[in-house]
Structures are given as structure tokens and as C-alpha cells.
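Source file: target19.cif; contents: mmCIF, C-alpha atoms.
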```cif
data_entry
#
loop_
_atom_site.group_PDB
_atom_site.id
_atom_site.type_symbol
_atom_site.label_atom_id
_atom_site.label_comp_id
_atom_site.auth_asym_id
_atom_site.auth_seq_id
_atom_site.Cartn_x
_atom_site.Cartn_y
_atom_site.Cartn_z
ATOM 1 C CA GLY A 1 134.143 5.105 80.678
ATOM 2 C CA LYS A 2 132.913 7.008 77.660
ATOM 3 C CA ILE A 3 133.502 10.351 76.043
ATOM 4 C CA VAL A 4 130.472 12.676 76.211
ATOM 5 C CA MET A 5 130.296 15.414 73.605
ATOM 6 C CA GLU A 6 128.468 18.510 74.853
ATOM 7 C CA VAL A 7 126.678 20.155 71.943
ATOM 8 C CA ALA A 8 126.133 23.897 72.316
ATOM 9 C CA GLU A 9 122.733 25.292 71.438
ATOM 10 C CA ARG A 10 122.525 26.614 67.883
ATOM 11 C CA ASP A 11 122.989 30.330 67.310
ATOM 12 C CA ILE A 12 119.742 31.658 65.792
ATOM 13 C CA GLY A 13 121.110 35.114 65.082
ATOM 14 C CA ALA A 14 120.469 38.535 66.521
ATOM 15 C CA PRO A 15 116.952 39.178 67.848
ATOM 16 C CA GLY A 16 114.508 41.185 65.770
ATOM 17 C CA ALA A 17 112.599 44.267 66.855
ATOM 18 C CA LEU A 18 109.482 43.622 68.940
ATOM 19 C CA ASP A 19 106.407 45.413 67.620
ATOM 20 C CA PHE A 20 104.722 45.404 71.037
ATOM 21 C CA LEU A 21 107.431 47.634 72.541
ATOM 22 C CA THR A 22 107.271 51.381 72.036
ATOM 23 C CA GLU A 23 110.160 53.361 70.604
ATOM 24 C CA GLN A 24 110.412 55.170 73.948
ATOM 25 C CA GLN A 25 110.793 51.904 75.869
ATOM 26 C CA VAL A 26 113.570 50.724 73.547
ATOM 27 C CA ASN A 27 115.360 54.086 73.715
ATOM 28 C CA ASP A 28 115.118 54.161 77.518
ATOM 29 C CA ALA A 29 116.732 50.711 77.671
ATOM 30 C CA LYS A 30 119.566 51.873 75.424
ATOM 31 C CA SER A 31 120.065 54.982 77.552
ATOM 32 C CA MET A 32 120.326 52.821 80.658
ATOM 33 C CA ARG A 33 122.980 50.621 79.059
ATOM 34 C CA ASP A 34 124.940 53.572 77.660
ATOM 35 C CA GLY A 35 124.894 55.349 81.026
ATOM 36 C CA LEU A 36 126.192 52.491 83.191
ATOM 37 C CA THR A 37 128.895 53.498 85.658
ATOM 38 C CA VAL A 38 130.478 51.928 88.707
ATOM 39 C CA ASP A 39 129.243 53.593 91.899
ATOM 40 C CA ALA A 40 131.932 55.518 93.794
ATOM 41 C CA GLY A 41 131.683 53.203 96.787
ATOM 42 C CA MET A 42 132.369 50.130 94.658
ATOM 43 C CA GLN A 43 135.478 51.217 92.814
ATOM 44 C CA GLY A 44 138.001 48.391 92.802
ATOM 45 C CA LEU A 45 135.461 45.630 93.490
ATOM 46 C CA GLY A 46 134.879 42.784 91.058
ATOM 47 C CA VAL A 47 131.558 41.738 89.536
ATOM 48 C CA ASP A 48 131.007 38.826 91.950
ATOM 49 C CA ALA A 49 131.658 41.020 94.996
ATOM 50 C CA ILE A 50 129.202 43.658 93.775
ATOM 51 C CA ILE A 51 126.547 41.011 93.056
ATOM 52 C CA ALA A 52 126.976 39.729 96.604
ATOM 53 C CA LEU A 53 126.381 43.271 97.896
ATOM 54 C CA ALA A 54 123.234 43.487 95.782
ATOM 55 C CA GLY A 55 121.962 40.278 97.333
ATOM 56 C CA ARG A 56 122.531 41.587 100.854
ATOM 57 C CA ASP A 57 120.835 44.903 100.069
ATOM 58 C CA ALA A 58 117.850 43.080 98.585
ATOM 59 C CA LEU A 59 117.521 40.825 101.651
ATOM 60 C CA SER A 60 117.480 43.890 103.886
ATOM 61 C CA GLY A 61 114.655 45.370 101.799
ATOM 62 C CA ASN A 62 116.762 48.082 100.179
ATOM 63 C CA VAL A 63 115.785 47.351 96.567
ATOM 64 C CA ASP A 64 116.793 50.849 95.402
ATOM 65 C CA ARG A 65 120.337 50.197 96.610
ATOM 66 C CA ALA A 66 120.348 46.684 95.151
ATOM 67 C CA MET A 67 119.402 48.066 91.726
ATOM 68 C CA LEU A 68 122.317 50.526 91.926
ATOM 69 C CA ASP A 69 124.604 47.648 92.883
ATOM 70 C CA LEU A 70 123.543 45.660 89.843
ATOM 71 C CA LYS A 71 124.073 48.650 87.574
ATOM 72 C CA SER A 72 127.631 48.866 88.882
ATOM 73 C CA ALA A 73 128.165 45.168 88.154
ATOM 74 C CA LEU A 74 126.741 45.611 84.654
ATOM 75 C CA ALA A 75 129.057 48.549 84.039
ATOM 76 C CA LEU A 76 131.896 46.013 84.419
ATOM 77 C CA ASP A 77 130.135 43.246 82.445
ATOM 78 C CA PRO A 78 127.462 44.818 80.185
ATOM 79 C CA ASP A 79 127.053 41.701 77.990
ATOM 80 C CA ASN A 80 126.050 39.466 80.906
ATOM 81 C CA ILE A 81 122.506 38.359 80.048
ATOM 82 C CA ASP A 82 121.975 36.618 83.395
ATOM 83 C CA LEU A 83 122.870 39.820 85.202
ATOM 84 C CA TRP A 84 120.390 41.859 83.163
ATOM 85 C CA ILE A 85 117.698 39.282 83.910
ATOM 86 C CA ARG A 86 118.558 39.390 87.613
ATOM 87 C CA MET A 87 118.183 43.166 87.551
ATOM 88 C CA SER A 88 114.821 42.876 85.790
ATOM 89 C CA GLU A 89 113.578 40.394 88.384
ATOM 90 C CA MET A 90 114.823 42.706 91.125
ATOM 91 C CA GLY A 91 112.742 45.498 89.596
ATOM 92 C CA GLY A 92 109.610 43.427 90.174
ATOM 93 C CA ARG A 93 110.175 43.042 93.905
ATOM 94 C CA VAL A 94 108.520 46.380 94.683
ATOM 95 C CA ALA A 95 104.869 46.843 93.786
ATOM 96 C CA ASN A 96 103.543 50.079 92.305
ATOM 97 C CA ASN A 97 106.931 51.785 92.135
ATOM 98 C CA TYR A 98 107.083 53.145 88.598
ATOM 99 C CA ASP A 99 110.784 54.025 88.637
ATOM 100 C CA ILE A 100 111.992 50.670 89.961
ATOM 101 C CA ASN A 101 109.488 48.680 87.864
ATOM 102 C CA ASN A 102 110.447 50.616 84.729
ATOM 103 C CA GLN A 103 114.142 49.975 85.355
ATOM 104 C CA GLY A 104 113.236 46.294 85.498
ATOM 105 C CA LEU A 105 111.604 46.592 82.077
ATOM 106 C CA GLN A 106 114.654 48.361 80.636
ATOM 107 C CA ALA A 107 116.876 45.583 81.991
ATOM 108 C CA ALA A 108 114.649 42.923 80.391
ATOM 109 C CA ILE A 109 114.842 44.677 77.013
ATOM 110 C CA ASN A 110 118.641 44.813 77.265
ATOM 111 C CA ALA A 111 118.738 41.107 78.140
ATOM 112 C CA TYR A 112 116.583 40.243 75.122
ATOM 113 C CA GLN A 113 118.804 42.219 72.757
ATOM 114 C CA LEU A 114 121.819 40.121 73.787
ATOM 115 C CA THR A 115 120.193 36.729 73.140
ATOM 116 C CA ARG A 116 121.474 34.391 70.428
ATOM 117 C CA THR A 117 119.847 31.021 71.233
ATOM 118 C CA LYS A 118 116.252 29.863 71.349
ATOM 119 C CA SER A 119 116.059 28.891 75.026
ATOM 120 C CA VAL A 120 117.820 32.010 76.301
ATOM 121 C CA ARG A 121 115.660 34.264 74.126
ATOM 122 C CA ALA A 122 112.481 32.532 75.295
ATOM 123 C CA ASN A 123 113.547 33.063 78.913
ATOM 124 C CA ALA A 124 114.358 36.736 78.292
ATOM 125 C CA LEU A 125 110.900 37.217 76.771
ATOM 126 C CA VAL A 126 109.276 35.692 79.869
ATOM 127 C CA THR A 127 111.265 38.102 82.032
ATOM 128 C CA MET A 128 110.124 40.939 79.771
ATOM 129 C CA ALA A 129 106.486 39.803 80.001
ATOM 130 C CA ARG A 130 106.622 39.991 83.794
ATOM 131 C CA ALA A 131 108.284 43.408 83.692
ATOM 132 C CA LEU A 132 105.620 44.673 81.285
ATOM 133 C CA GLU A 133 102.937 43.419 83.653
ATOM 134 C CA TYR A 134 104.602 45.196 86.608
ATOM 135 C CA THR A 135 104.507 48.440 84.586
ATOM 136 C CA GLN A 136 100.837 47.793 83.661
ATOM 137 C CA ASN A 137 101.613 47.252 79.964
ATOM 138 C CA TYR A 138 99.314 44.249 79.954
ATOM 139 C CA ARG A 139 98.718 43.880 76.224
ATOM 140 C CA ALA A 140 102.463 44.012 75.543
ATOM 141 C CA GLY A 141 103.018 41.521 78.367
ATOM 142 C CA ILE A 142 100.583 39.069 76.785
ATOM 143 C CA ASN A 143 102.384 39.449 73.455
ATOM 144 C CA ALA A 144 105.767 38.857 75.109
ATOM 145 C CA TYR A 145 104.472 35.587 76.555
ATOM 146 C CA LYS A 146 103.168 34.624 73.098
ATOM 147 C CA ALA A 147 106.565 35.344 71.540
ATOM 148 C CA SER A 148 108.283 33.197 74.171
ATOM 149 C CA LEU A 149 105.896 30.280 73.630
ATOM 150 C CA LYS A 150 106.520 30.401 69.875
ATOM 151 C CA LEU A 151 110.177 29.683 70.620
ATOM 152 C CA VAL A 152 109.757 27.167 73.461
ATOM 153 C CA ASP A 153 106.458 25.522 74.446
ATOM 154 C CA ASN A 154 106.945 25.628 78.211
ATOM 155 C CA PRO A 155 103.929 24.511 80.328
ATOM 156 C CA THR A 156 104.761 26.878 83.206
ATOM 157 C CA VAL A 157 105.043 29.839 80.835
ATOM 158 C CA LYS A 158 101.794 28.814 79.136
ATOM 159 C CA THR A 159 100.013 28.849 82.495
ATOM 160 C CA ALA A 160 101.355 32.349 83.248
ATOM 161 C CA TYR A 161 100.285 33.538 79.787
ATOM 162 C CA GLU A 162 96.771 32.117 80.162
ATOM 163 C CA GLU A 163 96.385 33.659 83.626
ATOM 164 C CA LEU A 164 97.394 37.124 82.376
ATOM 165 C CA ARG A 165 95.224 36.757 79.296
ATOM 166 C CA PHE A 166 92.243 35.813 81.479
ATOM 167 C CA ARG A 167 92.693 38.942 83.615
ATOM 168 C CA GLN A 168 93.852 41.472 81.032
ATOM 169 C CA GLY A 169 93.237 39.983 77.577
ATOM 170 C CA PHE A 170 90.332 40.644 75.207
ATOM 171 C CA ARG A 171 87.264 40.978 77.418
ATOM 172 C CA VAL A 172 84.104 42.974 78.148
ATOM 173 C CA VAL A 173 84.975 46.081 80.176
ATOM 174 C CA GLY A 174 81.580 47.766 80.482
ATOM 175 C CA ASN A 175 78.107 48.377 79.125
ATOM 176 C CA THR A 176 75.791 51.366 78.754
ATOM 177 C CA VAL A 177 72.120 51.916 78.012
ATOM 178 C CA ASN A 178 70.978 54.870 75.928
ATOM 179 C CA SER A 179 67.394 55.536 76.993
ATOM 180 C CA ASP A 180 67.159 59.178 75.894
ATOM 181 C CA SER A 181 66.073 58.487 72.312
ATOM 182 C CA ALA A 182 62.690 57.330 71.075
ATOM 183 C CA THR A 183 64.135 53.847 70.503
ATOM 184 C CA PRO A 184 66.604 52.915 73.246
ATOM 185 C CA SER A 185 69.822 51.004 72.582
ATOM 186 C CA ALA A 186 72.356 49.079 74.642
ATOM 187 C CA CYS A 187 76.093 49.060 74.012
ATOM 188 C CA VAL A 188 78.845 46.728 75.239
ATOM 189 C CA GLN A 189 82.428 47.983 75.461
ATOM 190 C CA PHE A 190 85.452 45.726 74.876
ATOM 191 C CA SER A 191 89.086 46.077 75.902
ATOM 192 C CA GLU A 192 90.336 45.869 72.297
ATOM 193 C CA PRO A 193 89.039 47.004 68.883
ATOM 194 C CA LEU A 194 86.719 44.762 66.924
ATOM 195 C CA ILE A 195 87.355 43.604 63.371
ATOM 196 C CA LYS A 196 86.149 46.269 60.927
ATOM 197 C CA SER A 197 84.940 44.027 58.092
ATOM 198 C CA GLY A 198 84.463 40.390 57.201
ATOM 199 C CA VAL A 199 82.948 39.323 60.529
ATOM 200 C CA ASP A 200 79.209 39.045 61.199
ATOM 201 C CA TYR A 201 79.009 39.913 64.885
ATOM 202 C CA THR A 202 75.249 39.299 64.853
ATOM 203 C CA SER A 203 75.981 35.577 65.067
ATOM 204 C CA PHE A 204 77.776 36.126 68.406
ATOM 205 C CA VAL A 205 75.011 38.176 70.085
ATOM 206 C CA THR A 206 71.575 37.177 71.371
ATOM 207 C CA LEU A 207 68.871 39.277 72.996
ATOM 208 C CA ASP A 208 66.574 37.200 75.210
ATOM 209 C CA GLY A 209 67.803 34.122 73.379
ATOM 210 C CA ALA A 210 67.140 35.416 69.853
ATOM 211 C CA ALA A 211 69.109 37.364 67.276
ATOM 212 C CA PRO A 212 68.809 41.155 67.815
ATOM 213 C CA LYS A 213 66.759 43.086 65.261
ATOM 214 C CA ALA A 214 69.531 45.642 64.698
ATOM 215 C CA LEU A 215 73.212 45.592 65.683
ATOM 216 C CA GLU A 216 76.243 47.782 65.014
ATOM 217 C CA ALA A 217 79.857 46.777 65.714
ATOM 218 C CA LYS A 218 82.192 49.749 65.579
ATOM 219 C CA GLY A 219 85.542 50.489 67.189
ATOM 220 C CA SER A 220 85.604 48.661 70.527
ATOM 221 C CA GLU A 221 81.840 48.550 70.956
ATOM 222 C CA ILE A 222 78.792 46.548 69.935
ATOM 223 C CA CYS A 223 75.420 48.294 70.117
ATOM 224 C CA VAL A 224 72.037 46.572 69.991
ATOM 225 C CA GLU A 225 69.280 48.884 68.783
ATOM 226 C CA GLY A 226 65.492 48.853 68.625
ATOM 227 C CA LEU A 227 64.807 48.245 72.314
ATOM 228 C CA VAL A 228 61.655 49.318 74.144
ATOM 229 C CA HIS A 229 61.357 51.667 77.140
ATOM 230 C CA GLY A 230 60.479 49.933 80.393
ATOM 231 C CA GLU A 231 61.524 46.455 79.254
ATOM 232 C CA ARG A 232 64.228 44.225 80.760
ATOM 233 C CA TYR A 233 66.558 42.246 78.517
ATOM 234 C CA LYS A 234 69.187 39.536 78.752
ATOM 235 C CA LEU A 235 72.020 40.326 76.345
ATOM 236 C CA SER A 236 74.434 37.458 75.743
ATOM 237 C CA LEU A 237 77.807 37.514 73.981
ATOM 238 C CA ARG A 238 78.961 34.121 72.818
ATOM 239 C CA ALA A 239 82.421 32.710 73.518
ATOM 240 C CA ASN A 240 84.899 33.022 70.623
ATOM 241 C CA LEU A 241 83.624 36.471 69.632
ATOM 242 C CA PRO A 242 86.724 37.716 67.708
ATOM 243 C CA SER A 243 88.856 40.841 68.013
ATOM 244 C CA THR A 244 91.721 42.521 66.161
ATOM 245 C CA VAL A 245 94.377 41.210 68.585
ATOM 246 C CA ASP A 246 94.109 37.547 67.549
ATOM 247 C CA GLU A 247 92.132 36.761 70.698
ATOM 248 C CA ALA A 248 88.485 35.909 71.251
ATOM 249 C CA LEU A 249 86.188 35.944 74.276
ATOM 250 C CA LEU A 250 87.158 33.020 76.483
ATOM 251 C CA ALA A 251 83.635 32.418 77.791
ATOM 252 C CA GLN A 252 80.068 33.578 77.244
ATOM 253 C CA VAL A 253 79.130 36.884 78.879
ATOM 254 C CA ASP A 254 75.525 37.470 80.030
ATOM 255 C CA LEU A 255 74.271 40.944 80.865
ATOM 256 C CA GLU A 256 70.969 41.931 82.480
ATOM 257 C CA LEU A 257 69.776 45.266 81.056
#
```

Show this structure as C-alpha cells.
Amino acid sequence: GKIVMEVAERDIGAPGALDFLTEQQVNDAKSMRDGLTVDAGMQGLGVDAIIALAGRDALSGNVDRAMLDLKSALALDPDNIDLWIRMSEMGGRVANNYDINNQGLQAAINAYQLTRTKSVRANALVTMARALEYTQNYRAGINAYKASLKLVDNPTVKTAYEELRFRQGFRVVGNTVNSDSATPSACVQFSEPLIKSGVDYTSFVTLDGAAPKALEAKGSEICVEGLVHGERYKLSLRANLPSTVDEALLAQVDLEL
């Protein structure tokens, strides 16, 4: 036989504030934790018994009741990270229910604030990313995945991050043609602001395969000017066109105008 020494994961200290969460979201999470109470029907039960009730309620489709069960369990054991994560995951079982989904986000924030090791914190951030996606906070969800991957490079998490970024990351969201003026223009709208200075966006745009004669990049929009009434154009935006959110276009976008 041999003696095996189990080495605990290193304590990396208390987690820092996350700049992609709003003050309201953080305060709501604190209010949830501060307001935890054991439901009247569960007085005298232990944590494990209440968790078992939550599981049965969830299986029967009563997610509202299961969330109340988990709050009761957390009232008895408020520093249980796994229990907060379970509650957050429970909050994602119902689609398009703002109250339940938002409770899931609050639970994920409370789980994150209890973390002290790299792997547990990375997992809490993944849980938070999913909860942010359920509440349609897509940009914050992408950033939560990024924060998790900085701690632990997990292939499964990376796939989830890339899938959300593809659907909700920096992308073209629309285009308009202004044909009322003497010289028409065409504008392309993006999901995030563009970089104000230091980037020549002309190098990322072509009009019928050539550089446009005049271009303005402002806010979340690029406008190509000097067009001609009655003409048709192919406007192309090259992949890697940069933005202010440390993301670029994943692929070339071609528009028929």
C-alpha cells in the first residue's frame, strides 16, 4: 500500500467585482440572500430533506415551488455554493419567465461571491453566463464566459461561449438606404459601438469590390456616401472588422443594396 496525500486547491482570495454586472443586479442578489427564510411548511426539516422536496417539486413541473424549497434550504446553509448553483440552474428550467429566470441570476451572483478557488469560481461564472443568457443579458453573458475561460480553459465552456458569441456577439443588425438627398448613402448598423479613433474602417469595407469614395464610421454605424440614384450595389464588410468590445466580425457580410 501507499499513503496518498490529497492536496486542496489553492485559495485565490475573495472574488472581485464584475464590471459586466449592473449595480441593481448585485443589490438584488444581496437582497435575496439577506431575506432568506425557512418556509412555514418546512420548519424542523434539515437541509437534505428540503433539497429532496425541491427535487420532487421540480420533477412534477412545479419550478416555482422548487425555488421556494431551495430558498428554505439556503436559509439554513447560506454559504453552500453548490446549493446556490443548483438554484441558479433551476431558474433556467422555465423559458421566458422573468421572475424565475432573474432569481436564477441572483443565485448565480451569490454563488460567485462565495468562491475562493479557481475551478469553483470558473464554474460559478459559467452558471452566471447561462443565467444572464436566460434573462437576455447577452453581452454580459458573453463576458461571464470570457471570465470563466481566463481562469480555466475548458473546451465545453469554450464551445458554449463561441455559440453565444456567434448568435449575440458583435454583428451586423441592420442596414438602411437614404435616398432622399441629392447624393444617396447607405448605412450599416452594428450591435456594439465602433472604435472612435485609430482605426481606418475604409480598409474593411468594399463597394462593388472597390474602396468606397466616402465613408463615415460613427457610434454603431458605418455609412457609405456618394451613391447614385437608380443603381444597385454590393456592399461588403470584411471579417475582423473591430469593435469596442474586444470582438470583431467573425465572417464577411455581403449586402445587396

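On the file presented, the PyMOL selection byres ((chain A and resi 22-38) around 8) picks out Asp19, Phe20, Leu21, Asp39, Ala40, Met42, Gln43, Lys71, Ser72, Ala73, Leu74, Ala75, Leu76, Pro78, Leu105, Gln106, Ala107, Ile109 and Asn110 of chain A.
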
Q | Explicit residues for the PyMOL selection byres ((chain A and resi 254) around 7) (as a ChimeraX atom specification) | A | /A:234-237,252-253,255-256

Q: Determine the residue set returned by the PyMOL selection byres ((chain A and resi 129) around 10) for the present structure, and present it as number ranges by chain.
A: A: 105, 108, 123-128, 130-135, 137-148, 160-161, 164

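One distance worth recording is that between CA of Ser191 (chain A) and CA of Asp99 (chain A), which is 26.4 Å.
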
Q: Excluding Ala111 (chain A) and residues on its chain fewer than 6 positions from it, collect all residues at most 7 Å away from it, counting all atoms listed in the file, and give them as a PyMOL selection string.
A: chain A and resi 81+84-85+124

Q: Identify, on the basis of all atoms listed in the file, every residue whose closest approach to Ala217 (chain A) does not exceed 9 Å; exclude the query and any residue fewer than 3 positions from it along the same chain; express the result as a ChimeraX atom specification.
A: /A:194-196,200-202,220-224

Q: Report the distance between CA of Val188 (chain A) and CA of Glu162 (chain A) in Å, rounded to one decimal place.
A: 23.6 Å

Q: Figure out the distance between CA of Ala248 (chain A) and CA of Phe204 (chain A), please, to one decimal in Å.
A: 11.1 Å

With 3 Å added on each side, what axis-aligned box encloses every listed atom of region 233-245 of chain A? Give the centre and edge lengths in Å to one decimal, as JSON.
```
{"center_x": 80.5, "center_y": 37.6, "center_z": 72.5, "size_x": 33.8, "size_y": 15.8, "size_z": 18.6}
```

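Take the candidates A:Asp69, A:Glu89, A:Gly16, A:Leu149 and check each one against Ala122 (chain A) using only C-alpha atoms; the shortest distance goes to A:Leu149.
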
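Within 9 Å of Ser185 (chain A), once only C-alpha atoms are used and residues closer than 4 positions along the same chain are dropped, the contacting residues are A:Thr176, A:Val177, A:Asn178, A:Ser179, A:Ser181, A:Cys223, A:Val224, A:Glu225, A:Gly226, A:Leu227, A:Val228.
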
Using all atoms listed in the file, what does the table of region 101-191 of chain A residues within 10 Å of region 9-13 of chain A look like, with each row giving the shortest atom pair and its distance in Å to one decimal, sorted by chain and ascending number, as JSON lines?
```
{"residue": "A:Thr115", "atom": "CA", "partner": "A:Gly13", "partner_atom": "CA", "distance": 8.3}
{"residue": "A:Arg116", "atom": "CA", "partner": "A:Asp11", "partner_atom": "CA", "distance": 5.3}
{"residue": "A:Thr117", "atom": "CA", "partner": "A:Asp11", "partner_atom": "CA", "distance": 5.1}
{"residue": "A:Lys118", "atom": "CA", "partner": "A:Ile12", "partner_atom": "CA", "distance": 6.8}
{"residue": "A:Ser119", "atom": "CA", "partner": "A:Glu9", "partner_atom": "CA", "distance": 8.4}
{"residue": "A:Val120", "atom": "CA", "partner": "A:Glu9", "partner_atom": "CA", "distance": 9.6}
{"residue": "A:Arg121", "atom": "CA", "partner": "A:Ile12", "partner_atom": "CA", "distance": 9.6}
```

Within 12 Å of (135.0, 36.8, 87.6) (file coordinates; all atoms listed in the file), which protein or nucleic acid residues are there? I'd like them as a PDB file with C-alpha atoms, in the coordinates of the input.
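Contents of the output file result37.pdb:
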```pdb
ATOM      1  CA  LEU A  45     135.461  45.630  93.490  1.00  0.00           C
ATOM      2  CA  GLY A  46     134.879  42.784  91.058  1.00  0.00           C
ATOM      3  CA  VAL A  47     131.558  41.738  89.536  1.00  0.00           C
ATOM      4  CA  ASP A  48     131.007  38.826  91.950  1.00  0.00           C
ATOM      5  CA  ALA A  49     131.658  41.020  94.996  1.00  0.00           C
ATOM      6  CA  ILE A  50     129.202  43.658  93.775  1.00  0.00           C
ATOM      7  CA  ILE A  51     126.547  41.011  93.056  1.00  0.00           C
ATOM      8  CA  ALA A  73     128.165  45.168  88.154  1.00  0.00           C
ATOM      9  CA  LEU A  76     131.896  46.013  84.419  1.00  0.00           C
ATOM     10  CA  ASP A  77     130.135  43.246  82.445  1.00  0.00           C
ATOM     11  CA  ASN A  80     126.050  39.466  80.906  1.00  0.00           C
TER      12      ASN A  80
END
```

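Remark: for Ser243 (chain A), the closest of the candidate residues A:Ala214, A:Met87, A:Ala182, A:Val172 is A:Val172 (distances computed over all atoms listed in the file).
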
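With distances taken over all atoms listed in the file, A:Pro242 is the one residue among A:Gly61, A:Gly104, A:Pro184, A:Pro242 lying closest to Val199 (chain A).
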
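Applying the 10 Å criterion to (89.7, 42.9, 79.8) in file coordinates and using all atoms listed in the file, one obtains the residues Tyr138, Arg139, Leu164, Arg165, Phe166, Arg167, Gln168, Gly169, Phe170, Arg171, Val172, Val173, Gly174, Gln189, Phe190, Ser191, Glu192 and Leu249 of chain A.
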
Output: region 170-178 of chain A of the preceding structure, restricted to all heavy atoms, written as a CSV table (one decimal), in the first residue's frame.
```
chain,number,residue,atom,x,y,z
A,170,PHE,N,-20.7,40.7,-31.4
A,170,PHE,CA,-20.6,41.8,-32.3
A,170,PHE,C,-21.0,41.3,-33.7
A,170,PHE,O,-20.4,40.4,-34.2
A,170,PHE,CB,-19.2,42.3,-32.3
A,170,PHE,CG,-18.9,43.4,-33.3
A,170,PHE,CD1,-19.7,44.6,-33.2
A,170,PHE,CD2,-18.0,43.3,-34.3
A,170,PHE,CE1,-19.4,45.6,-34.1
A,170,PHE,CE2,-17.8,44.3,-35.2
A,170,PHE,CZ,-18.5,45.5,-35.1
A,171,ARG,N,-22.0,42.0,-34.3
A,171,ARG,CA,-22.5,41.5,-35.6
A,171,ARG,C,-23.3,42.7,-36.2
A,171,ARG,O,-23.6,43.7,-35.6
A,171,ARG,CB,-23.5,40.3,-35.4
A,171,ARG,CG,-24.7,40.7,-34.5
A,171,ARG,CD,-25.4,39.5,-33.9
A,171,ARG,NE,-26.6,39.8,-33.3
A,171,ARG,CZ,-26.7,40.4,-32.1
A,171,ARG,NH1,-25.6,40.7,-31.4
A,171,ARG,NH2,-27.9,40.7,-31.5
A,172,VAL,N,-23.6,42.5,-37.5
A,172,VAL,CA,-24.5,43.4,-38.2
A,172,VAL,C,-25.9,43.1,-37.8
A,172,VAL,O,-26.4,42.0,-37.8
A,172,VAL,CB,-24.3,43.2,-39.8
A,172,VAL,CG1,-25.3,44.1,-40.5
A,172,VAL,CG2,-22.9,43.6,-40.2
A,173,VAL,N,-26.6,44.2,-37.5
A,173,VAL,CA,-28.0,44.0,-37.1
A,173,VAL,C,-29.0,44.7,-38.0
A,173,VAL,O,-30.2,44.5,-37.9
A,173,VAL,CB,-28.2,44.6,-35.6
A,173,VAL,CG1,-27.5,43.7,-34.6
A,173,VAL,CG2,-27.9,46.0,-35.5
A,174,GLY,N,-28.5,45.4,-39.0
A,174,GLY,CA,-29.4,46.0,-40.0
A,174,GLY,C,-28.7,46.9,-40.9
A,174,GLY,O,-27.5,47.2,-40.8
A,175,ASN,N,-29.5,47.4,-41.9
A,175,ASN,CA,-28.9,48.4,-42.9
A,175,ASN,C,-30.0,49.3,-43.4
A,175,ASN,O,-31.2,48.8,-43.5
A,175,ASN,CB,-28.1,47.7,-44.0
A,175,ASN,CG,-29.0,46.9,-44.9
A,175,ASN,OD1,-29.6,47.4,-45.9
A,175,ASN,ND2,-29.2,45.6,-44.6
A,176,THR,N,-29.7,50.5,-43.8
A,176,THR,CA,-30.7,51.4,-44.3
A,176,THR,C,-30.1,52.2,-45.5
A,176,THR,O,-28.9,52.3,-45.6
A,176,THR,CB,-31.1,52.5,-43.2
A,176,THR,OG1,-29.9,53.1,-42.7
A,176,THR,CG2,-31.8,51.8,-42.0
A,177,VAL,N,-31.0,52.6,-46.4
A,177,VAL,CA,-30.6,53.4,-47.5
A,177,VAL,C,-31.3,54.8,-47.4
A,177,VAL,O,-32.5,54.8,-47.3
A,177,VAL,CB,-30.9,52.7,-48.8
A,177,VAL,CG1,-30.6,53.6,-50.0
A,177,VAL,CG2,-30.2,51.4,-49.0
A,178,ASN,N,-30.5,55.8,-47.5
A,178,ASN,CA,-31.0,57.2,-47.5
A,178,ASN,C,-31.0,57.7,-48.9
A,178,ASN,O,-30.0,58.1,-49.5
A,178,ASN,CB,-30.2,58.1,-46.6
A,178,ASN,CG,-30.7,59.5,-46.7
A,178,ASN,OD1,-31.8,59.8,-47.1
A,178,ASN,ND2,-29.8,60.5,-46.3
```
